[in-house]
Every structure is written in structure tokens, then in C-alpha cells.
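Report on the structure given below.
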Amino acid sequence: MLLLAIDTSGPSGGITLAQASAGSFRVIESAAIAGGTFSAQLIPTLAELLKKHRYGVKDLGGFAAASGPGSFTGLRVGLSAIKGLAETLHKPIATVSVLEAMASLTDREGKIAAAMDAGRKEVFLGLYQKNGHSSAEKSGDALARQREELLTQQDFLAALATERPAVIITSDAAVAELASASHSAVLVVTRPGSEVIARIGAGKLLAGETVSVEALDANYLRRSDAEIFFKGNL
């Protein structure tokens with residue numbers, strides 16, 4: 001299966017073309033997209049990548065989308081593109097949490113905590129149970145989500161003290177410094193991009209863990225400023 005993965009959740013983004021089947025996964029090529037240019041560059045970058053490898057859009061067999069948490073505007077651009085393509089081509093969609101992608105970057109087993117700086121002295125926290133090594137055909141069984149939430153820094157430390165994960169994995173130095181107060185190992189990694197989204201998404205697509213075009217939505221964890229302002233003025 002030829003699949004397309006899109007990640008527009010962060011300050012910069014990217015797309016990945018990959019080939020996956022039961023027991024195998026191969027990245028064909030990835031292309032970066034600069035922050036602030038997602039809406040203008042995503043489709044042209046995809047078209048160029050397909051053309052370079054002599055594929056047409058109709059060759060795509062499925063889609064993997066980074067669903068957040070992340071930029072409200074960026075996520076909307078990526079998910080809208082996938083919605084349009086999937087609806088036109090009648091192909092399946094798998095969503096991948098950025099926290100889930102981060103948690104997959106460690107070989108440690110047991111309870112895994114993935115954390116991201118959410119600003120405003122808050123932290124995005126994802127807790128997962130990892131049993132064995134994830135693979136393209138069986139990703140869901142290897143990394144089981146327990147919960148994902150937005151916490152204050154104080155509540156984040158309290159959650160770590162209660163859960164006692166085997167490792168806390170983060171891409172943010174500030175979160176790593178904060179988490180160092182816990183009794184768990186802390187691992188700092190590069191923020192996962194579209195290649196990791198493609199790998200995990202491939203496993204979900206092959207396992208039938210998909211979402212419909214109508215149900216596809218971002219996992220913001222935090223409400224937008226507009227929603228908060230609106231509610232506060234009711």
C-alpha cells in the first residue's frame with residue numbers, strides 16, 4: 001500500500017510517502033514544509049513528490065494524519081487536505097497523536113509518559129502502556145493509550161509521582177528540566193515528524209484502525225482562545 005502522511009502540527013511540518021504491507025514498512029521520501037507556508041505549499045509539495053517517484057494521486061492507498069496537539073491553524077490545513085483527498089479517492093484515514101508518536105521513540109517497555117510544552121505554564125501529557133516492539137502491521141497492540149490531557153506544571157508533576165512511568169520522553173528542554181524532579185528516567189528527543197506519523201499510521205491502516213472523513217478532527221486538548229473568550233462572555 002502506498003500511503004501519504006501529513007504533519008502540520010508544529011512550527012514546521014512535512015509530508016512522507018511510504019510503502020507498507022504486512023511485516024514491512026519503507027519510507028520512499030519525505031519533504032519538509034516551512035512554518036507559515038502550510039496552506040500554500042502542502043499540495044504543490046505533494047504533487048512534486050508524487051511526480052518525482054512516478055506516482056499519481058490515484059495510486060495512494062491510504063492516509064495518515066498527525067492529529068495534534070499542536071497549532072490550531074496548522075492542524076486545520078493538514079486535516080483539510082487529507083479530508084479532501086480521502087473523500088475524492090475513497091481511501092482510509094488513520095490518525096496519530098503527536099504524543100503517541102513521541103512515545104514510540106523509546107525502546108523501553110512498561111508505562112511510557114510523553115510530554116510537550118503547552119505554554120502558559122502547562123504541559124501536554126500522554127500516558128501509554130508499551131508491550132513489545134511496535135511494527136507496521138501491529139502498532140495498536142504495542143502502544144496502548146491510557147490517557148492524554150492538558151495539565152498545569154504542578155498537576156503534571158503530581159501525575160508523574162502517581163503514575164511513576166518507566167520513562168518520560170519529551171522534545172522540550174523546559175519540560176525535561178521540570179520532569180527531572182520526578183523519580184523516572186527522562187529522555188529528550190527530536191520532535192517526531194511525518195516519517196514517524198507514517199510508520200504508526202501504516203500499522204493502523206493495515207489493522208483497520210481508521211476514521212471516516214466525517215469523524216476526522218484535530219486532537220487539540222486545549223480549546224482555542226476564541227472559544228475561551230466566547231464562553232467567558234456568555
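Identifiers in this document derive from the order of the C-alpha cells: chains are assigned A, B, ..., residues are numbered from 1 separately in each chain, and ligands are numbered from 1 in order of occurrence.
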Could you give me, as an mmCIF file with N, CA and C atoms, in the first residue's frame, each residue of range 42-139 of chain A that DSSP assigns to strand (DSSP E or B) when run on this structure's backbone?
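Final file, result-v3.cif:
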```
data_model
loop_
_atom_site.group_PDB
_atom_site.id
_atom_site.type_symbol
_atom_site.label_atom_id
_atom_site.label_comp_id
_atom_site.auth_asym_id
_atom_site.auth_seq_id
_atom_site.Cartn_x
_atom_site.Cartn_y
_atom_site.Cartn_z
ATOM 1 N N GLY A 62 -3.932 5.052 1.142
ATOM 2 C CA GLY A 62 -4.383 5.445 2.470
ATOM 3 C C GLY A 62 -3.635 6.668 2.951
ATOM 4 N N PHE A 63 -4.133 7.226 4.066
ATOM 5 C CA PHE A 63 -3.582 8.467 4.587
ATOM 6 C C PHE A 63 -3.353 8.355 6.088
ATOM 7 N N ALA A 64 -2.274 8.992 6.557
ATOM 8 C CA ALA A 64 -2.002 9.096 7.992
ATOM 9 C C ALA A 64 -1.876 10.562 8.340
ATOM 10 N N ALA A 65 -2.560 10.985 9.381
ATOM 11 C CA ALA A 65 -2.585 12.400 9.748
ATOM 12 C C ALA A 65 -2.141 12.597 11.186
ATOM 13 N N ALA A 66 -1.224 13.541 11.393
ATOM 14 C CA ALA A 66 -0.893 13.967 12.755
ATOM 15 C C ALA A 66 -2.082 14.772 13.261
ATOM 16 N N ILE A 93 -8.351 6.608 6.343
ATOM 17 C CA ILE A 93 -7.535 7.565 7.088
ATOM 18 C C ILE A 93 -7.227 6.991 8.472
ATOM 19 N N ALA A 94 -5.966 7.127 8.889
ATOM 20 C CA ALA A 94 -5.571 6.802 10.262
ATOM 21 C C ALA A 94 -5.028 8.067 10.909
ATOM 22 N N THR A 95 -5.410 8.309 12.153
ATOM 23 C CA THR A 95 -4.898 9.475 12.871
ATOM 24 C C THR A 95 -3.849 9.040 13.889
ATOM 25 N N VAL A 96 -2.856 9.898 14.084
ATOM 26 C CA VAL A 96 -1.768 9.609 15.021
ATOM 27 C C VAL A 96 -1.543 10.839 15.896
ATOM 28 N N GLY A 110 6.734 -0.987 29.315
ATOM 29 C CA GLY A 110 6.014 -0.614 30.517
ATOM 30 C C GLY A 110 5.246 0.664 30.298
ATOM 31 N N LYS A 111 5.078 1.435 31.355
ATOM 32 C CA LYS A 111 4.330 2.690 31.251
ATOM 33 C C LYS A 111 5.239 3.793 30.717
ATOM 34 N N ILE A 112 4.812 4.424 29.627
ATOM 35 C CA ILE A 112 5.584 5.476 28.975
ATOM 36 C C ILE A 112 4.817 6.786 29.073
ATOM 37 N N ALA A 113 5.510 7.856 29.467
ATOM 38 C CA ALA A 113 4.911 9.188 29.500
ATOM 39 C C ALA A 113 5.543 10.032 28.405
ATOM 40 N N ALA A 114 4.713 10.655 27.584
ATOM 41 C CA ALA A 114 5.190 11.591 26.568
ATOM 42 C C ALA A 114 4.671 12.973 26.949
ATOM 43 N N ALA A 115 5.539 13.970 26.872
ATOM 44 C CA ALA A 115 5.146 15.303 27.338
ATOM 45 C C ALA A 115 5.653 16.382 26.397
ATOM 46 N N MET A 116 4.842 17.425 26.243
ATOM 47 C CA MET A 116 5.186 18.563 25.396
ATOM 48 C C MET A 116 4.844 19.856 26.121
ATOM 49 N N ASP A 117 5.671 20.860 25.907
ATOM 50 C CA ASP A 117 5.397 22.182 26.462
ATOM 51 C C ASP A 117 4.154 22.759 25.783
ATOM 52 N N ALA A 118 3.160 23.140 26.571
ATOM 53 C CA ALA A 118 1.924 23.708 26.025
ATOM 54 C C ALA A 118 1.855 25.217 26.210
ATOM 55 N N GLY A 119 2.932 25.815 26.755
ATOM 56 C CA GLY A 119 2.894 27.238 27.037
ATOM 57 C C GLY A 119 2.000 27.524 28.232
ATOM 58 N N GLU A 122 1.778 25.238 31.234
ATOM 59 C CA GLU A 122 1.014 23.999 31.132
ATOM 60 C C GLU A 122 1.786 22.982 30.296
ATOM 61 N N VAL A 123 1.392 21.717 30.429
ATOM 62 C CA VAL A 123 2.080 20.613 29.758
ATOM 63 C C VAL A 123 1.050 19.671 29.145
ATOM 64 N N PHE A 124 1.292 19.268 27.894
ATOM 65 C CA PHE A 124 0.513 18.194 27.287
ATOM 66 C C PHE A 124 1.133 16.875 27.744
ATOM 67 N N LEU A 125 0.337 15.996 28.331
ATOM 68 C CA LEU A 125 0.843 14.715 28.824
ATOM 69 C C LEU A 125 0.064 13.563 28.210
ATOM 70 N N GLY A 126 0.789 12.578 27.705
ATOM 71 C CA GLY A 126 0.178 11.345 27.227
ATOM 72 C C GLY A 126 0.767 10.168 27.981
ATOM 73 N N LEU A 127 -0.069 9.265 28.448
ATOM 74 C CA LEU A 127 0.385 8.065 29.150
ATOM 75 C C LEU A 127 0.001 6.836 28.337
ATOM 76 N N TYR A 128 0.962 5.930 28.162
ATOM 77 C CA TYR A 128 0.769 4.761 27.320
ATOM 78 C C TYR A 128 1.383 3.534 27.994
ATOM 79 N N GLN A 129 0.884 2.386 27.610
ATOM 80 C CA GLN A 129 1.470 1.125 28.049
ATOM 81 C C GLN A 129 2.107 0.482 26.834
ATOM 82 N N LYS A 130 3.387 0.226 26.930
ATOM 83 C CA LYS A 130 4.111 -0.348 25.796
ATOM 84 C C LYS A 130 4.541 -1.763 26.118
#
```
Ala159 in chain A: which residues within 12 Å, counting only C-alpha atoms, same-chain residues fewer than 3 positions away excluded, as number ranges by chain? A: 113, 115, 123-127, 147-156, 162-165, 168, 179, 182-184
Residues from last step as file, C-alpha atoms, as a CSV table (one decimal), in the first residue's frame:
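Result written to selection.csv:
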```csv
chain,number,residue,atom,x,y,z
A,113,ALA,CA,4.9,9.2,29.5
A,115,ALA,CA,5.1,15.3,27.3
A,123,VAL,CA,2.1,20.6,29.8
A,124,PHE,CA,0.5,18.2,27.3
A,125,LEU,CA,0.8,14.7,28.8
A,126,GLY,CA,0.2,11.3,27.2
A,127,LEU,CA,0.4,8.1,29.2
A,147,ARG,CA,-5.0,9.0,28.5
A,148,GLU,CA,-3.9,12.3,27.0
A,149,GLU,CA,-4.5,15.6,28.8
A,150,LEU,CA,-3.5,19.2,29.4
A,151,LEU,CA,-2.2,19.8,32.9
A,152,THR,CA,-0.7,22.7,34.9
A,153,GLN,CA,3.0,22.2,35.7
A,154,GLN,CA,2.1,21.3,39.3
A,155,ASP,CA,-0.5,18.7,38.2
A,156,PHE,CA,2.0,17.3,35.7
A,162,THR,CA,1.3,8.9,41.0
A,163,GLU,CA,1.9,7.1,37.7
A,164,ARG,CA,5.7,6.5,38.0
A,165,PRO,CA,6.3,5.9,34.3
A,168,ILE,CA,9.3,10.4,30.4
A,179,ALA,CA,10.3,16.3,34.8
A,182,SER,CA,10.4,13.0,39.3
A,183,HIS,CA,12.0,9.6,40.0
A,184,SER,CA,11.6,8.5,36.4
```
Using DSSP on the backbone coordinates, identify the residues of chain A assigned to helix (DSSP H, G or I); present them as JSON, numbers by chain. {"A": [38, 39, 40, 41, 42, 43, 44, 45, 46, 47, 48, 49, 50, 51, 52, 57, 58, 59, 72, 73, 74, 75, 76, 77, 78, 79, 80, 81, 82, 83, 84, 85, 86, 87, 88, 89, 98, 99, 100, 101, 102, 103, 139, 140, 141, 142, 153, 154, 155, 156, 157, 158, 159, 160, 161, 162, 163, 173, 174, 175, 176, 177, 178, 179, 194, 195, 196, 197, 198, 199, 200, 201, 202, 203, 204, 205, 206, 207, 225, 226, 227, 228, 229, 230, 231, 232]}
Report, in Å to a single decimal, how far apart CA of Lys121 in chain A and CA of Ala144 in chain A are.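 So the answer is 27.5 Å.
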Using only C-alpha atoms, which of A:Gly68, A:Gly208, A:Gly84, A:Pro92 sits nearest Asp7 in chain A? A:Gly68
